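Novice: Below is the file structure-v7.txt, which contains compact mmCIF, C-alpha atoms.
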```txt
# COMPACT_ATOMS: atom_id res chain seq x y z
CA MET A 265 0.00 0.00 0.00
CA ARG A 266 2.80 2.41 0.94
CA TYR A 267 4.50 1.65 -2.36
CA ILE A 268 1.38 2.67 -4.26
CA THR A 269 1.57 6.05 -2.52
CA TYR A 270 5.18 6.56 -3.62
CA LEU A 271 4.26 5.44 -7.11
CA ALA A 272 1.46 8.04 -7.17
CA VAL A 273 3.83 10.75 -5.91
CA GLY A 274 6.18 9.79 -8.74
CA VAL A 275 3.41 10.00 -11.35
CA PHE A 276 2.44 13.42 -10.01
CA PHE A 277 6.07 14.57 -10.05
CA GLY A 278 6.58 13.23 -13.57
CA ILE A 279 3.57 15.10 -14.91
CA ILE A 280 4.71 18.34 -13.23
CA MET A 281 8.23 18.00 -14.66
CA TYR A 282 6.91 17.38 -18.16
CA LYS A 283 4.13 19.97 -18.13
CA SER A 284 6.29 22.68 -16.58
CA GLU A 285 8.81 22.01 -19.37
CA ALA A 286 11.54 21.71 -16.74
CA ALA A 287 12.32 18.40 -18.46
CA SER A 288 12.95 20.14 -21.79
CA TRP A 289 16.50 20.63 -23.05
CA PHE A 290 15.35 23.95 -24.54
CA ARG A 291 14.29 25.32 -21.17
CA ILE A 292 17.61 24.39 -19.55
CA TYR A 293 19.53 26.05 -22.37
CA GLU A 294 17.31 29.13 -22.14
CA MET A 295 17.82 29.28 -18.38
CA PHE A 296 21.60 29.36 -18.67
CA GLU A 297 21.25 32.03 -21.37
CA PHE A 298 19.08 34.05 -18.95
CA GLY A 299 16.49 34.14 -21.72
CA SER A 300 13.40 33.67 -19.56
CA PHE A 301 12.20 33.88 -15.98
CA HIS A 302 10.39 30.53 -16.34
CA MET A 303 12.92 28.14 -14.76
CA TYR A 304 13.95 30.66 -12.11
CA GLY A 305 10.27 31.14 -11.27
CA ILE A 306 9.76 27.38 -10.89
CA ILE A 307 12.79 26.86 -8.64
CA GLY A 308 12.24 30.16 -6.82
CA SER A 309 8.57 29.63 -6.00
CA ALA A 310 9.17 26.00 -4.96
CA LEU A 311 11.96 27.22 -2.75
CA LEU A 312 10.01 30.09 -1.20
CA LEU A 313 7.18 27.77 -0.22
CA GLY A 314 9.71 25.13 0.82
CA ILE A 315 11.51 27.50 3.18
CA LEU A 316 8.22 28.73 4.67
CA GLY A 317 6.88 25.22 5.18
CA VAL A 318 10.08 23.85 6.68
CA GLN A 319 10.24 26.79 9.11
CA ILE A 320 6.65 26.09 10.19
CA ILE A 321 7.46 22.39 10.63
CA LYS A 322 10.55 23.14 12.70
CA ARG A 323 9.05 25.85 14.89
CA ASN A 324 6.03 23.75 15.73
CA ASN A 325 8.03 20.53 15.92
CA ILE A 326 5.59 18.85 13.54
CA LYS A 327 6.21 15.13 13.09
CA ALA A 328 5.86 13.00 10.01
CA PHE A 329 3.15 10.33 9.76
CA GLY A 330 3.50 7.58 12.36
CA ASN A 331 5.16 10.12 14.66
CA GLN A 332 8.47 9.74 12.79
CA GLU A 333 11.07 12.50 12.72
CA MET A 334 11.08 14.67 9.61
CA GLN A 335 14.12 14.08 7.40
CA LEU A 336 15.57 17.54 7.96
CA LYS A 337 19.01 16.65 9.26
CA PRO A 338 21.76 19.22 8.76
CA LYS A 339 24.23 18.35 6.01
CA LYS A 340 27.92 17.87 6.76
CA GLN A 341 29.91 21.06 6.42
CA SER A 342 32.47 21.21 3.65
CA VAL A 343 33.27 23.49 0.74
CA SER A 344 35.23 21.42 -1.76
CA ARG A 345 32.84 18.53 -2.25
CA TYR A 346 29.78 20.73 -2.73
CA LEU A 347 31.45 23.28 -4.95
CA ILE A 348 33.54 20.91 -7.10
CA GLY A 349 30.82 18.27 -7.24
CA GLY A 350 28.28 20.97 -8.01
CA ILE A 351 30.35 22.38 -10.87
CA ILE A 352 30.81 18.91 -12.39
CA PHE A 353 27.07 18.34 -12.09
CA GLY A 354 26.31 21.72 -13.67
CA LEU A 355 28.55 20.99 -16.65
CA GLY A 356 26.63 17.76 -17.26
CA TRP A 357 23.23 19.35 -16.61
CA ALA A 358 23.87 21.94 -19.33
CA LEU A 359 25.49 19.47 -21.74
CA ALA A 360 22.77 16.81 -21.56
CA GLY A 361 20.05 19.36 -20.83
CA ALA A 362 18.62 17.09 -18.15
CA CYS A 363 19.09 16.42 -14.47
CA PRO A 364 18.20 13.08 -12.82
CA GLY A 365 14.45 13.62 -12.22
CA PRO A 366 13.67 14.67 -15.81
CA MET A 367 15.77 11.78 -17.16
CA TYR A 368 13.26 9.28 -15.81
CA VAL A 369 10.36 11.42 -17.02
CA LEU A 370 11.78 11.65 -20.55
CA THR A 371 12.27 7.88 -20.64
CA GLY A 372 8.54 7.49 -20.06
CA ALA A 373 7.81 10.14 -22.68
CA GLY A 374 9.48 7.89 -25.23
CA PHE A 375 12.75 9.74 -25.85
CA TYR A 376 14.81 6.60 -25.85
CA SER A 377 18.11 8.39 -26.47
CA ILE A 378 17.82 9.64 -22.91
CA LEU A 379 18.59 6.07 -21.81
CA ILE A 380 22.13 6.70 -23.06
CA VAL A 381 22.26 9.70 -20.70
CA VAL A 382 20.88 7.53 -17.87
CA GLY A 383 23.55 4.92 -18.69
CA GLY A 384 26.21 7.63 -18.59
CA SER A 385 24.96 8.86 -15.24
CA LEU A 386 25.01 5.32 -13.79
CA LEU A 387 28.59 5.00 -15.04
CA GLY A 388 29.46 8.38 -13.48
CA THR A 389 27.93 7.31 -10.18
CA PHE A 390 29.85 4.01 -10.33
CA VAL A 391 33.18 5.72 -11.08
CA TYR A 392 32.55 8.16 -8.21
CA GLY A 393 32.12 5.15 -5.91
CA LEU A 394 35.46 3.76 -7.12
CA VAL A 395 37.53 6.93 -6.71
CA ARG A 396 35.65 8.41 -3.76
CA SER A 397 38.41 7.88 -1.16
CA LYS A 398 40.92 9.76 -3.35
CA LEU A 399 38.78 12.89 -3.75
CA PRO A 400 38.73 15.90 -1.39
CA HIS A 401 35.47 15.94 0.57
CA MET B 262 -8.80 21.70 -22.60
CA ASP B 263 -6.30 24.51 -22.99
CA LEU B 264 -5.38 24.12 -19.36
CA ILE B 265 -4.33 20.57 -20.05
CA TYR B 266 -2.44 21.12 -23.30
CA GLU B 267 -0.82 24.43 -22.55
CA PRO B 268 2.45 24.35 -20.60
CA TRP B 269 1.98 24.98 -16.91
CA PRO B 270 3.28 28.39 -15.80
CA TRP B 271 6.02 28.61 -13.20
CA TYR B 272 3.64 29.80 -10.48
CA VAL B 273 1.70 26.56 -10.80
CA SER B 274 4.66 24.23 -11.32
CA GLY B 275 6.92 25.58 -8.56
CA PRO B 276 4.32 25.27 -5.77
CA LEU B 277 3.41 21.76 -6.97
CA ILE B 278 7.08 20.73 -6.72
CA ALA B 279 7.11 22.10 -3.16
CA LEU B 280 4.00 19.99 -2.51
CA VAL B 281 5.84 16.86 -3.69
CA MET B 282 8.66 17.65 -1.29
CA PHE B 283 6.24 18.09 1.63
CA ILE B 284 4.34 14.89 0.86
CA LEU B 285 7.64 13.00 1.04
CA LEU B 286 8.69 14.82 4.21
CA PHE B 287 5.43 13.86 5.87
CA ALA B 288 6.00 10.28 4.76
CA GLY B 289 9.33 10.45 6.64
CA LYS B 290 11.41 10.61 3.46
CA GLN B 291 13.56 13.15 1.70
CA PHE B 292 12.97 14.37 -1.84
CA GLY B 293 16.04 13.52 -3.94
CA MET B 294 16.28 11.91 -7.34
CA SER B 295 19.98 11.24 -7.93
CA SER B 296 20.43 8.86 -4.97
CA ASN B 297 18.43 6.36 -7.03
CA LEU B 298 21.42 6.09 -9.36
CA ARG B 299 23.52 4.80 -6.45
CA THR B 300 20.75 2.38 -5.51
CA MET B 301 20.62 1.08 -9.09
CA CYS B 302 24.40 0.58 -9.09
CA SER B 303 24.09 -1.42 -5.86
CA ILE B 304 21.32 -3.59 -7.27
CA GLY B 305 23.54 -4.18 -10.30
CA GLY B 306 26.29 -5.57 -8.05
CA ALA B 307 28.57 -2.52 -7.76
CA GLY B 308 29.09 -3.44 -4.09
CA LYS B 309 31.66 -5.98 -5.29
CA ALA B 310 33.79 -3.13 -6.63
CA ALA B 311 33.41 -0.39 -4.00
CA ASP B 312 32.25 -0.04 -0.39
CA PHE B 313 30.20 3.00 -1.39
CA PHE B 314 27.67 0.64 -2.96
CA ARG B 315 27.51 -1.76 -0.01
CA PHE B 316 24.45 -0.51 1.81
CA ASP B 317 20.96 -1.77 2.45
CA TRP B 318 19.41 -0.66 -0.84
CA LYS B 319 16.11 -2.29 0.10
CA LYS B 320 15.50 0.70 2.35
CA GLU B 321 15.54 2.83 -0.80
CA ARG B 322 12.85 0.89 -2.61
CA TRP B 323 10.32 3.64 -1.90
CA ASN B 324 12.43 6.06 -3.98
CA LEU B 325 12.62 3.57 -6.85
CA MET B 326 8.82 3.56 -6.78
CA VAL B 327 8.94 7.34 -7.20
CA VAL B 328 11.22 6.79 -10.22
CA ILE B 329 8.82 4.27 -11.78
CA GLY B 330 6.02 6.73 -11.12
CA ALA B 331 7.99 9.52 -12.81
CA VAL B 332 8.42 7.30 -15.88
CA ILE B 333 4.66 6.68 -15.95
CA GLY B 334 4.00 10.40 -15.38
CA GLY B 335 6.23 11.23 -18.35
CA PHE B 336 4.31 8.74 -20.48
CA LEU B 337 0.90 10.12 -19.46
CA ALA B 338 1.89 13.78 -19.83
CA SER B 339 3.49 13.35 -23.24
CA HIS B 340 0.73 11.14 -24.68
CA TYR B 341 -2.40 12.74 -23.28
CA MET B 342 -1.58 16.19 -21.92
CA SER B 343 0.81 17.89 -24.30
CA ASN B 344 1.42 18.82 -27.91
CA ASN B 345 5.11 18.13 -27.14
CA THR B 346 6.52 21.40 -28.34
CA VAL B 347 8.36 23.96 -26.26
CA GLU B 348 8.30 27.65 -27.11
CA ILE B 349 11.27 29.58 -25.79
CA ASN B 350 12.44 33.16 -26.04
CA PRO B 351 12.63 33.87 -29.82
CA ASP B 352 16.06 35.51 -29.46
CA ILE B 353 17.41 32.37 -27.81
CA ALA B 354 15.74 30.15 -30.44
CA GLN B 355 17.38 32.23 -33.15
CA LYS B 356 20.76 31.98 -31.46
CA LEU B 357 20.41 28.19 -31.26
CA SER B 358 19.60 28.06 -34.93
CA GLN B 359 22.30 30.43 -36.13
CA GLU B 360 25.17 29.35 -33.92
CA TYR B 361 24.54 25.67 -33.36
CA GLY B 362 22.24 24.61 -36.19
CA ILE B 363 19.51 23.58 -33.74
CA ASP B 364 16.34 24.67 -35.53
CA SER B 365 13.72 22.76 -33.58
CA ALA B 366 12.82 25.22 -30.80
CA GLY B 367 9.03 25.65 -30.87
CA GLU B 368 8.60 22.41 -32.81
CA ALA B 369 9.80 19.73 -30.42
CA TYR B 370 10.14 18.95 -26.71
CA LEU B 371 13.79 17.91 -27.07
CA PRO B 372 15.96 18.87 -30.05
CA PRO B 373 15.96 15.94 -32.52
CA GLU B 374 19.44 17.13 -33.54
CA LEU B 375 20.61 15.55 -30.26
CA PHE B 376 17.85 13.21 -29.15
CA ALA B 377 16.35 11.58 -32.25
CA SER B 378 17.10 7.85 -32.19
CA TYR B 379 18.76 7.94 -35.62
CA GLN B 380 21.32 10.41 -34.26
CA LEU B 381 22.75 7.68 -32.02
CA SER B 382 24.74 6.40 -34.99
CA ASP B 383 26.65 9.69 -34.93
CA PRO B 384 29.61 9.15 -32.56
CA PHE B 385 29.69 12.88 -31.74
CA VAL B 386 26.09 12.91 -30.52
CA LEU B 387 26.54 9.61 -28.71
CA GLY B 388 29.62 11.01 -27.00
CA ILE B 389 27.75 14.13 -25.86
CA LEU B 390 24.93 12.11 -24.34
CA ILE B 391 27.29 9.72 -22.52
CA LEU B 392 29.58 12.51 -21.28
CA GLY B 393 26.64 14.69 -20.19
CA GLY B 394 25.17 11.78 -18.24
CA PHE B 395 28.53 10.83 -16.77
CA LEU B 396 29.12 14.35 -15.41
CA VAL B 397 25.60 14.48 -13.97
CA GLY B 398 26.01 11.12 -12.20
CA PHE B 399 29.54 11.76 -10.95
CA GLY B 400 28.84 15.35 -9.91
CA ALA B 401 25.57 14.58 -8.17
CA ARG B 402 27.15 11.92 -5.96
CA TYR B 403 30.25 14.00 -5.29
CA ALA B 404 28.05 16.94 -4.30
CA GLY B 405 25.71 14.62 -2.39
CA GLY B 406 22.59 15.57 -4.34
CA CYS B 407 21.17 17.10 -7.48
CA THR B 408 18.62 19.77 -8.29
CA SER B 409 15.90 18.11 -6.18
CA GLY B 410 18.10 17.19 -3.21
CA HIS B 411 20.06 20.44 -2.96
CA ALA B 412 18.20 23.20 -4.84
CA ILE B 413 14.79 22.21 -3.43
CA SER B 414 15.17 20.01 -0.31
CA GLY B 415 18.48 21.35 1.00
CA LEU B 416 17.88 25.04 0.35
CA SER B 417 14.36 24.79 1.81
CA ASN B 418 16.08 23.65 4.99
CA LEU B 419 18.50 26.61 4.69
CA GLN B 420 21.53 24.37 4.35
CA LEU B 421 24.73 26.24 3.53
CA PRO B 422 26.23 23.13 1.83
CA SER B 423 23.24 23.08 -0.52
CA LEU B 424 23.76 26.74 -1.34
CA MET B 425 27.36 25.98 -2.29
CA ALA B 426 26.25 23.02 -4.39
CA VAL B 427 23.64 25.14 -6.20
CA ILE B 428 26.21 27.88 -6.83
CA GLY B 429 28.39 25.11 -8.26
CA PHE B 430 25.51 23.88 -10.48
CA PHE B 431 25.21 27.35 -11.97
CA ILE B 432 28.96 27.91 -12.38
CA GLY B 433 29.15 24.58 -14.22
CA GLY B 434 26.07 25.29 -16.33
CA LEU B 435 27.17 28.79 -17.29
CA VAL B 436 30.69 27.64 -18.17
CA MET B 437 29.24 24.87 -20.33
CA ILE B 438 26.77 27.08 -22.21
CA HIS B 439 28.89 30.21 -22.60
CA LEU B 440 32.45 28.89 -22.88
CA LEU B 441 32.28 25.25 -23.92
CA TYR B 442 29.25 25.11 -26.24
CA PRO B 443 30.95 27.35 -28.82
CA LEU B 444 33.93 24.95 -28.76
CA ILE B 445 31.94 21.70 -28.72
CA PHE B 446 29.23 22.56 -31.27
CA ASN B 447 31.34 23.97 -34.04
```
As structure tokens, please, write out the structure in this file.

Specialist:
Amino acid sequence: MRYITYLAVGVFFGIIMYKSEAASWFRIYEMFEFGSFHMYGIIGSALLLGILGVQIIKRNNIKAFGNQEMQLKPKKQSVSRYLIGGIIFGLGWALAGACPGPMYVLTGAGFYSILIVVGGSLLGTFVYGLVRSKLPH
Amino acid sequence: MDLIYEPWPWYVSGPLIALVMFILLFAGKQFGMSSNLRTMCSIGGAGKAADFFRFDWKKERWNLMVVIGAVIGGFLASHYMSNNTVEINPDIAQKLSQEYGIDSAGEAYLPPELFASYQLSDPFVLGILILGGFLVGFGARYAGGCTSGHAISGLSNLQLPSLMAVIGFFIGGLVMIHLLYPLIFN
């Protein structure tokens, strides 16, 4: 039953990604060319509501269903891993025109070439796992 | 009907993405898409090669369900809710056409110049897709998250690490589009 809920959340998310055009290569290109407010509006409005909601949750100590703790743990402090990792991610995001969420969505939409991108990202994840101990974190 | 076929504006889409994040938070989970790539590597047996992939991936099955749902959502949206074209700023569309020979803005959802199946026989296009994916996968794990995990979940929780990651995303993206595209696509 729980799995059906997560499946439904995924369907909802997939439709939003596709219909907002956040899954479109063109929109990613346009964003990095500062050609439209669209993508900034999507991320910005999600973020504004996200910050507000998380503050309300924290201040009122609201629990998740089943009285579990909310997954709002602080992230480990570091500069190098976030900045270097982020830059590498950004290079790929702009080159492939897709980040991980939209990749799955585009697979369902029938753009089968995106499976090559998914394959590349699995390979990238695997290689990260291999060289992880040698990288600054 | 227009509401269904027209693209959703940012002020509808953004709040709905926040809603997805809150549904997952209330379910005791964290919104993040790239960690599924690690889970998939583990399922594929990558634990034999690196400790990083030796973890209880069964605990991540819920997130794989979100992935399967996203695939279904993409199918439904593209088949029943969209005319599958994306209109962008005409100046940007013109630039794409003039500088990179990508003429499909306004006519397609993804440029067929890069994503049509027949283009896979072109080693250049194939290389771009593999390299783009590789950088996304490597970078997301190195940074500990992607657009959903850092730009939405992490920043909503006012995490400084997420801010640095997102700054990194944009440095990388801007370098790629403004400095490397002219070199790659010429």

Novice: Just want the 9 Å neighbourhood of region 382-394 of chain B, counted on all atoms listed in the file, with same-chain residues fewer than 6 positions away dropped. Output as a list in words.

Specialist: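 In the requested format, the answer is Phe353, Leu355, Gly356, Trp357, Ala358, Leu359, Ala360, Gly361, Ala362, Cys363, Pro364, Ser377, Ile378, Ile380, Val381, Val382, Gly383, Gly384, Ser385, Leu386, Leu387 and Gly388 of chain A; Glu374, Leu375 and Phe376 of chain B.
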
Novice: Output C-alpha atoms of each residue in that selection to a file, as a PDB file, in the frame of the given file.

Specialist:
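Listed below is the output, result-v7.pdb:
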```pdb
ATOM      1  CA  PHE A 353      27.070  18.340 -12.090  1.00  0.00           C
ATOM      2  CA  LEU A 355      28.550  20.990 -16.650  1.00  0.00           C
ATOM      3  CA  GLY A 356      26.630  17.760 -17.260  1.00  0.00           C
ATOM      4  CA  TRP A 357      23.230  19.350 -16.610  1.00  0.00           C
ATOM      5  CA  ALA A 358      23.870  21.940 -19.330  1.00  0.00           C
ATOM      6  CA  LEU A 359      25.490  19.470 -21.740  1.00  0.00           C
ATOM      7  CA  ALA A 360      22.770  16.810 -21.560  1.00  0.00           C
ATOM      8  CA  GLY A 361      20.050  19.360 -20.830  1.00  0.00           C
ATOM      9  CA  ALA A 362      18.620  17.090 -18.150  1.00  0.00           C
ATOM     10  CA  CYS A 363      19.090  16.420 -14.470  1.00  0.00           C
ATOM     11  CA  PRO A 364      18.200  13.080 -12.820  1.00  0.00           C
ATOM     12  CA  SER A 377      18.110   8.390 -26.470  1.00  0.00           C
ATOM     13  CA  ILE A 378      17.820   9.640 -22.910  1.00  0.00           C
ATOM     14  CA  ILE A 380      22.130   6.700 -23.060  1.00  0.00           C
ATOM     15  CA  VAL A 381      22.260   9.700 -20.700  1.00  0.00           C
ATOM     16  CA  VAL A 382      20.880   7.530 -17.870  1.00  0.00           C
ATOM     17  CA  GLY A 383      23.550   4.920 -18.690  1.00  0.00           C
ATOM     18  CA  GLY A 384      26.210   7.630 -18.590  1.00  0.00           C
ATOM     19  CA  SER A 385      24.960   8.860 -15.240  1.00  0.00           C
ATOM     20  CA  LEU A 386      25.010   5.320 -13.790  1.00  0.00           C
ATOM     21  CA  LEU A 387      28.590   5.000 -15.040  1.00  0.00           C
ATOM     22  CA  GLY A 388      29.460   8.380 -13.480  1.00  0.00           C
TER      23      GLY A 388
ATOM     24  CA  GLU B 374      19.440  17.130 -33.540  1.00  0.00           C
ATOM     25  CA  LEU B 375      20.610  15.550 -30.260  1.00  0.00           C
ATOM     26  CA  PHE B 376      17.850  13.210 -29.150  1.00  0.00           C
TER      27      PHE B 376
END
```

Novice: CA of Leu370 (chain A) and CA of Thr408 (chain B), how far apart in Å?

Specialist: 16.2 Å

Novice: Quick one: distance from CA of Gln341 (chain A) to CA of Ile320 (chain A) in Å, one decimal?

Specialist: 24.1 Å

Novice: Go through B:Asn447, B:Ser414, B:Ser339, B:Asn297 one by one, measure the shortest atom-to-atom distance of each to Tyr266 (chain B) using all atoms listed in the file, and give the residue with the smallest value.

Specialist: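 The shortest atom-to-atom distance to Tyr266 (chain B) comes from B:Ser339.
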
Novice: Could you tell me how far CA of Arg323 (chain A) lies from CA of Gly405 (chain B), in Å and to one decimal?

Specialist: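 Computing the Euclidean distance for CA of Arg323 (chain A) and CA of Gly405 (chain B) yields 26.5 Å.
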
Novice: Pick the closest to chain B from A:Thr269, A:Ile351, A:Lys337, A:Lys327: which is it, counting all atoms listed in the file?

Specialist: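 Result for the nearest residue to chain B: A:Ile351.
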
Novice: Measuring between all atoms listed in the file, which one of B:Thr300, B:Ile278, B:Gln291, B:His340 shows the shortest distance to Gly415 (chain B)?

Specialist: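 Under the stated criterion, the closest residue is B:Gln291.
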
Novice: Pick out the residues sitting within 8 Å of region 307-312 of chain B, and hand them over as a list in words; count only C-alpha atoms, and ignore anything fewer than 6 positions along from it in its own chain.

Specialist: Phe390, Gly393 and Leu394 of chain A

Novice: Taking the point (4.0, 21.9, -3.4) as given in the file, collect each protein or nucleic acid residue that comes within 12 Å of it, counting all atoms listed in the file, and present the set as a PDB file with C-alpha atoms, in the coordinates of the input.

Specialist:
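Printed below is selection15.pdb as written:
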```pdb
ATOM      1  CA  VAL A 273       3.830  10.750  -5.910  1.00  0.00           C
ATOM      2  CA  PHE A 276       2.440  13.420 -10.010  1.00  0.00           C
ATOM      3  CA  PHE A 277       6.070  14.570 -10.050  1.00  0.00           C
ATOM      4  CA  ILE A 280       4.710  18.340 -13.230  1.00  0.00           C
ATOM      5  CA  ILE A 306       9.760  27.380 -10.890  1.00  0.00           C
ATOM      6  CA  ILE A 307      12.790  26.860  -8.640  1.00  0.00           C
ATOM      7  CA  SER A 309       8.570  29.630  -6.000  1.00  0.00           C
ATOM      8  CA  ALA A 310       9.170  26.000  -4.960  1.00  0.00           C
ATOM      9  CA  LEU A 311      11.960  27.220  -2.750  1.00  0.00           C
ATOM     10  CA  LEU A 312      10.010  30.090  -1.200  1.00  0.00           C
ATOM     11  CA  LEU A 313       7.180  27.770  -0.220  1.00  0.00           C
ATOM     12  CA  GLY A 314       9.710  25.130   0.820  1.00  0.00           C
ATOM     13  CA  ILE A 315      11.510  27.500   3.180  1.00  0.00           C
ATOM     14  CA  LEU A 316       8.220  28.730   4.670  1.00  0.00           C
ATOM     15  CA  GLY A 317       6.880  25.220   5.180  1.00  0.00           C
ATOM     16  CA  VAL A 318      10.080  23.850   6.680  1.00  0.00           C
TER      17      VAL A 318
ATOM     18  CA  TYR B 272       3.640  29.800 -10.480  1.00  0.00           C
ATOM     19  CA  VAL B 273       1.700  26.560 -10.800  1.00  0.00           C
ATOM     20  CA  SER B 274       4.660  24.230 -11.320  1.00  0.00           C
ATOM     21  CA  GLY B 275       6.920  25.580  -8.560  1.00  0.00           C
ATOM     22  CA  PRO B 276       4.320  25.270  -5.770  1.00  0.00           C
ATOM     23  CA  LEU B 277       3.410  21.760  -6.970  1.00  0.00           C
ATOM     24  CA  ILE B 278       7.080  20.730  -6.720  1.00  0.00           C
ATOM     25  CA  ALA B 279       7.110  22.100  -3.160  1.00  0.00           C
ATOM     26  CA  LEU B 280       4.000  19.990  -2.510  1.00  0.00           C
ATOM     27  CA  VAL B 281       5.840  16.860  -3.690  1.00  0.00           C
ATOM     28  CA  MET B 282       8.660  17.650  -1.290  1.00  0.00           C
ATOM     29  CA  PHE B 283       6.240  18.090   1.630  1.00  0.00           C
ATOM     30  CA  ILE B 284       4.340  14.890   0.860  1.00  0.00           C
ATOM     31  CA  LEU B 285       7.640  13.000   1.040  1.00  0.00           C
ATOM     32  CA  LEU B 286       8.690  14.820   4.210  1.00  0.00           C
ATOM     33  CA  PHE B 292      12.970  14.370  -1.840  1.00  0.00           C
ATOM     34  CA  ILE B 413      14.790  22.210  -3.430  1.00  0.00           C
ATOM     35  CA  SER B 414      15.170  20.010  -0.310  1.00  0.00           C
ATOM     36  CA  SER B 417      14.360  24.790   1.810  1.00  0.00           C
TER      37      SER B 417
END
```

Novice: Could you tell me which of A:Gly354, A:Gly308, A:Gly374, A:Pro400 comes closest to chain B if we count only C-alpha atoms?

Specialist: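 Closest to chain B, using only C-alpha atoms: A:Gly354.
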
Novice: In terms of the shortest atom-to-atom distance over all atoms listed in the file, which of A:His401, A:Gln319, A:Gly365, A:Ile292 is closest to Val343 (chain A)?

Specialist: A:His401

Novice: Which one is closest to Ala331 (chain B): A:Ala287, A:Gly278, A:Gly305, A:Leu379? Count only C-alpha atoms.

Specialist: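 Using only C-alpha atoms, Ala331 (chain B) sits closest to A:Gly278.
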
Novice: If we count all atoms listed in the file and set the cut-off at 12 Å, which residues sit around Gly274 (chain A), ignoring sequence neighbours fewer than 5 positions away in its own chain? Please answer as JSON, numbers by chain.

Specialist: {"A": [267, 268, 269, 279, 280, 281, 365, 366, 368, 369, 372], "B": [278, 281, 282, 284, 285, 292, 293, 294, 323, 324, 325, 326, 327, 328, 329, 330, 331, 332, 333, 334, 335, 336, 337]}

Novice: So that I can check the surroundings of Ala412 (chain B), please list as a ChimeraX atom specification every protein, DNA and RNA residue that reaches within 9 Å of it, counting all atoms listed in the file and ignoring chain neighbours fewer than 6 positions away.

Specialist: /A:307,311 /B:406,423-424,426-427

Novice: Which residues come within 12 Å of Ser358 (chain B), counting all atoms listed in the file, excluding same-chain residues fewer than 5 positions away, as a list in words?

Specialist: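 The residues that qualify are Phe290 of chain A; Pro351, Asp352, Ile353, Ile363, Asp364, Ser365, Ala366, Gly367, Pro372, Glu374 and Phe446 of chain B.
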